[in-house]
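A.B. asks: Below is the file run.cif, which contains mmCIF, C-alpha atoms.
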data_final
loop_
_atom_site.group_PDB
_atom_site.id
_atom_site.type_symbol
_atom_site.label_atom_id
_atom_site.label_comp_id
_atom_site.auth_asym_id
_atom_site.auth_seq_id
_atom_site.Cartn_x
_atom_site.Cartn_y
_atom_site.Cartn_z
ATOM 1 C CA GLN A 931 150.584 -7.692 181.468
ATOM 2 C CA VAL A 932 148.662 -9.626 178.827
ATOM 3 C CA GLN A 933 145.552 -11.705 179.386
ATOM 4 C CA LEU A 934 144.416 -14.190 176.761
ATOM 5 C CA VAL A 935 140.991 -15.763 176.289
ATOM 6 C CA GLU A 936 140.337 -18.451 173.684
ATOM 7 C CA SER A 937 136.982 -19.211 172.087
ATOM 8 C CA GLY A 938 135.541 -21.044 169.117
ATOM 9 C CA GLY A 939 136.180 -24.637 170.088
ATOM 10 C CA GLY A 940 133.551 -27.323 169.768
ATOM 11 C CA LEU A 941 132.563 -30.637 168.256
ATOM 12 C CA VAL A 942 132.914 -31.104 164.506
ATOM 13 C CA GLN A 943 132.920 -34.039 162.102
ATOM 14 C CA ALA A 944 136.055 -35.091 160.304
ATOM 15 C CA GLY A 945 136.631 -32.912 157.265
ATOM 16 C CA GLY A 946 134.893 -29.957 158.877
ATOM 17 C CA SER A 947 136.193 -26.546 159.899
ATOM 18 C CA LEU A 948 136.455 -24.401 162.982
ATOM 19 C CA ARG A 949 137.922 -20.979 163.667
ATOM 20 C CA LEU A 950 139.494 -20.368 167.029
ATOM 21 C CA SER A 951 139.884 -16.871 168.402
ATOM 22 C CA CYS A 952 142.237 -15.551 171.062
ATOM 23 C CA ALA A 953 141.245 -12.195 172.506
ATOM 24 C CA ALA A 954 144.073 -10.320 174.195
ATOM 25 C CA SER A 955 144.026 -7.495 176.667
ATOM 26 C CA GLY A 956 146.903 -5.127 177.185
ATOM 27 C CA ARG A 957 148.368 -2.346 175.095
ATOM 28 C CA THR A 958 151.506 -4.321 174.240
ATOM 29 C CA PHE A 959 149.628 -7.089 172.439
ATOM 30 C CA ARG A 960 150.446 -5.658 169.043
ATOM 31 C CA SER A 961 154.186 -6.033 169.597
ATOM 32 C CA TYR A 962 154.103 -9.632 170.850
ATOM 33 C CA PRO A 963 154.692 -12.724 168.743
ATOM 34 C CA MET A 964 151.948 -15.241 169.413
ATOM 35 C CA GLY A 965 151.295 -18.906 168.969
ATOM 36 C CA TRP A 966 148.844 -21.775 169.228
ATOM 37 C CA PHE A 967 149.625 -25.002 171.019
ATOM 38 C CA ARG A 968 147.490 -28.052 171.710
ATOM 39 C CA GLN A 969 147.358 -30.922 174.162
ATOM 40 C CA ALA A 970 145.611 -34.181 173.408
ATOM 41 C CA PRO A 971 144.540 -36.575 176.185
ATOM 42 C CA GLY A 972 147.531 -38.439 177.555
ATOM 43 C CA LYS A 973 150.012 -36.465 175.472
ATOM 44 C CA GLU A 974 152.309 -33.537 176.024
ATOM 45 C CA ARG A 975 151.420 -30.105 174.782
ATOM 46 C CA GLU A 976 152.694 -29.507 171.238
ATOM 47 C CA PHE A 977 153.283 -26.600 168.928
ATOM 48 C CA VAL A 978 150.675 -25.859 166.258
ATOM 49 C CA ALA A 979 151.419 -22.448 164.721
ATOM 50 C CA ALA A 980 153.099 -19.122 165.468
ATOM 51 C CA ILE A 981 152.847 -15.627 164.051
ATOM 52 C CA SER A 982 155.156 -12.620 164.244
ATOM 53 C CA TRP A 983 154.052 -9.337 165.794
ATOM 54 C CA SER A 984 153.394 -7.870 162.357
ATOM 55 C CA GLY A 985 151.530 -10.928 161.154
ATOM 56 C CA GLY A 986 153.811 -11.181 158.174
ATOM 57 C CA ARG A 987 155.724 -14.295 159.199
ATOM 58 C CA THR A 988 154.469 -17.631 160.402
ATOM 59 C CA TYR A 989 155.514 -21.122 161.407
ATOM 60 C CA TYR A 990 153.381 -24.257 161.279
ATOM 61 C CA ALA A 991 153.756 -27.760 162.599
ATOM 62 C CA ASP A 992 154.086 -30.262 159.760
ATOM 63 C CA SER A 993 150.926 -32.018 160.937
ATOM 64 C CA VAL A 994 148.747 -28.962 160.256
ATOM 65 C CA LYS A 995 150.555 -27.324 157.342
ATOM 66 C CA GLY A 996 148.180 -26.698 154.464
ATOM 67 C CA ARG A 997 145.091 -27.178 156.642
ATOM 68 C CA PHE A 998 145.423 -24.535 159.375
ATOM 69 C CA THR A 999 145.989 -20.796 158.978
ATOM 70 C CA ILE A 1000 147.113 -18.462 161.745
ATOM 71 C CA SER A 1001 146.366 -14.754 161.559
ATOM 72 C CA ARG A 1002 145.985 -11.701 163.772
ATOM 73 C CA ASP A 1003 144.066 -8.445 163.790
ATOM 74 C CA GLY A 1004 145.858 -5.723 165.739
ATOM 75 C CA ALA A 1005 142.872 -3.401 165.684
ATOM 76 C CA LYS A 1006 140.769 -6.052 167.401
ATOM 77 C CA ASN A 1007 143.550 -7.378 169.647
ATOM 78 C CA THR A 1008 142.680 -10.848 168.423
ATOM 79 C CA MET A 1009 144.534 -13.792 166.968
ATOM 80 C CA TYR A 1010 142.844 -16.536 164.953
ATOM 81 C CA LEU A 1011 143.401 -20.120 163.936
ATOM 82 C CA GLN A 1012 141.360 -21.209 160.945
ATOM 83 C CA MET A 1013 141.244 -25.000 160.924
ATOM 84 C CA ASN A 1014 140.064 -26.784 157.786
ATOM 85 C CA GLY A 1015 140.073 -30.449 156.896
ATOM 86 C CA LEU A 1016 139.935 -31.434 160.531
ATOM 87 C CA LYS A 1017 140.946 -34.960 161.496
ATOM 88 C CA PRO A 1018 140.194 -36.987 164.644
ATOM 89 C CA GLU A 1019 143.862 -36.644 165.588
ATOM 90 C CA ASP A 1020 143.363 -32.874 165.840
ATOM 91 C CA THR A 1021 141.227 -33.466 168.929
ATOM 92 C CA ALA A 1022 142.841 -31.575 171.795
ATOM 93 C CA VAL A 1023 142.638 -28.586 174.067
ATOM 94 C CA TYR A 1024 143.992 -25.630 172.112
ATOM 95 C CA TYR A 1025 145.904 -22.878 173.891
ATOM 96 C CA CYS A 1026 146.962 -19.474 172.667
ATOM 97 C CA ALA A 1027 150.147 -17.890 173.957
ATOM 98 C CA ALA A 1028 152.036 -14.617 173.726
ATOM 99 C CA SER A 1029 155.763 -13.968 173.954
ATOM 100 C CA SER A 1030 157.357 -10.825 175.343
ATOM 101 C CA GLN A 1031 160.414 -11.397 173.134
ATOM 102 C CA THR A 1032 159.701 -8.658 170.633
ATOM 103 C CA THR A 1033 163.004 -8.724 168.739
ATOM 104 C CA GLY A 1034 163.840 -11.254 166.071
ATOM 105 C CA TRP A 1035 161.843 -14.036 164.492
ATOM 106 C CA ASN A 1036 163.176 -17.570 164.305
ATOM 107 C CA GLN A 1037 162.474 -21.210 165.064
ATOM 108 C CA GLN A 1038 162.513 -20.584 168.802
ATOM 109 C CA PHE A 1039 158.934 -19.362 168.547
ATOM 110 C CA THR A 1040 157.851 -22.966 168.054
ATOM 111 C CA ALA A 1041 158.950 -23.744 171.624
ATOM 112 C CA GLU A 1042 156.771 -23.385 174.715
ATOM 113 C CA HIS A 1043 159.453 -21.799 176.865
ATOM 114 C CA VAL A 1044 159.491 -18.655 174.711
ATOM 115 C CA TYR A 1045 155.923 -17.806 175.663
ATOM 116 C CA ASP A 1046 155.159 -15.880 178.833
ATOM 117 C CA TYR A 1047 151.378 -15.637 178.729
ATOM 118 C CA TRP A 1048 148.853 -18.409 178.192
ATOM 119 C CA GLY A 1049 145.119 -18.694 177.849
ATOM 120 C CA GLN A 1050 142.962 -21.267 179.612
ATOM 121 C CA GLY A 1051 142.370 -23.327 176.494
ATOM 122 C CA THR A 1052 139.397 -24.311 174.352
ATOM 123 C CA GLN A 1053 138.374 -27.884 173.566
ATOM 124 C CA VAL A 1054 138.278 -29.078 169.964
ATOM 125 C CA THR A 1055 136.784 -32.505 169.341
ATOM 126 C CA VAL A 1056 136.745 -34.067 165.875
ATOM 127 C CA SER A 1057 134.540 -37.107 165.386
ATOM 128 C CA SER A 1058 135.233 -39.742 162.754
#
Would you write out, as structure tokens, the structure that this file holds?
C.D. replies:
Amino acid sequence: QVQLVESGGGLVQAGGSLRLSCAASGRTFRSYPMGWFRQAPGKEREFVAAISWSGGRTYYADSVKGRFTISRDGAKNTMYLQMNGLKPEDTAVYYCAASSQTTGWNQQFTAEHVYDYWGQGTQVTVSS
């Protein structure tokens, strides 16, 4: 069983930065691929970024590529999302997720259905 808790959200001006954290409990965290998703008001939840269990491979949504960086620290059982150059359209509730599919790494990790565990979300608001 894995429990996920996000933190680090808040209000920031356009062009600013935030770093989100996702603290995980459970001994199997280190073997799980993980991802960040977001849901803006009135929209469906969408993929933001994903990272392999080793941290060596990543995927990013085109809308955040070059601005956001996903990383993880196995020793701290924590995943991060560094967000730079924030835009008003980045405003959303951000969720972290973990997948129990520990073999392979491919495009499927950009899809919600691959993830078994979800955090409660943290609000990010970017003002113009």
A.B. asks: Measuring between only C-alpha atoms, which one of A:Gly940, A:Gly956, A:Gly985, A:Gly945 shows the shortest distance to Trp1035 in chain A?
C.D. replies: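 Using only C-alpha atoms, Trp1035 in chain A sits closest to A:Gly985.
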A.B. asks: Show which residues sit within 10 Å of Thr1032 in chain A, as a list in words. Count all atoms listed in the file, and ignore same-chain residues fewer than 2 positions away.
C.D. replies: Thr958, Arg960, Ser961, Tyr962, Pro963, Ser982, Trp983, Ser1029, Ser1030, Gly1034 and Trp1035 of chain A
A.B. asks: Calculated over all atoms listed in the file, which of the candidates A:Thr1021, A:Ser1058, A:Asn1036, A:Gln1031 has the smallest distance to Ala970 in chain A?
C.D. replies: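 Among the listed residues, A:Thr1021 lies closest to Ala970 in chain A.
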A.B. asks: Assuming the chain letters and numbering stay as they are in my file, what does the PyMOL selection byres ((chain A and resi 944) around 7) actually select? List them as a PDB file with C-alpha atoms, keeping the file's coordinate frame.
C.D. replies:
ATOM      1  CA  VAL A 942     132.914 -31.104 164.506  1.00  0.00           C
ATOM      2  CA  GLN A 943     132.920 -34.039 162.102  1.00  0.00           C
ATOM      3  CA  GLY A 945     136.631 -32.912 157.265  1.00  0.00           C
ATOM      4  CA  GLY A 946     134.893 -29.957 158.877  1.00  0.00           C
ATOM      5  CA  LEU A1016     139.935 -31.434 160.531  1.00  0.00           C
ATOM      6  CA  LYS A1017     140.946 -34.960 161.496  1.00  0.00           C
ATOM      7  CA  PRO A1018     140.194 -36.987 164.644  1.00  0.00           C
ATOM      8  CA  VAL A1056     136.745 -34.067 165.875  1.00  0.00           C
ATOM      9  CA  SER A1057     134.540 -37.107 165.386  1.00  0.00           C
ATOM     10  CA  SER A1058     135.233 -39.742 162.754  1.00  0.00           C
TER      11      SER A1058
END
A.B. asks: If I take CA of Pro971 in chain A and CA of Gln1053 in chain A, how far is one from the other in Å, to one decimal?
C.D. replies: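 CA of Gln1053 in chain A lies at a distance of 11.0 Å from CA of Pro971 in chain A.
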A.B. asks: Please write out, as AutoDock Vina command-line options, where the centre of an axis-aligned box around all listed atoms of range 962-972 of chain A lies and how long its edges are, in Å to one decimal, after adding 3 Å on each side.
C.D. replies:
--center_x 149.6 --center_y -24.0 --center_z 173.1 --size_x 16.2 --size_y 34.8 --size_z 14.8
A.B. asks: Taking the file above as input, evaluate the PyMOL selection byres ((chain A and resi 969) around 12) and report the hits as a list in words.
C.D. replies: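 Evaluating the PyMOL selection byres ((chain A and resi 969) around 12) on this file yields Trp966, Phe967, Arg968, Ala970, Pro971, Gly972, Lys973, Glu974, Arg975, Glu976, Phe977, Val978, Glu1019, Asp1020, Thr1021, Ala1022, Val1023, Tyr1024, Tyr1025, Cys1026, Gln1050, Gly1051, Thr1052, Gln1053, Val1054 and Thr1055 of chain A.
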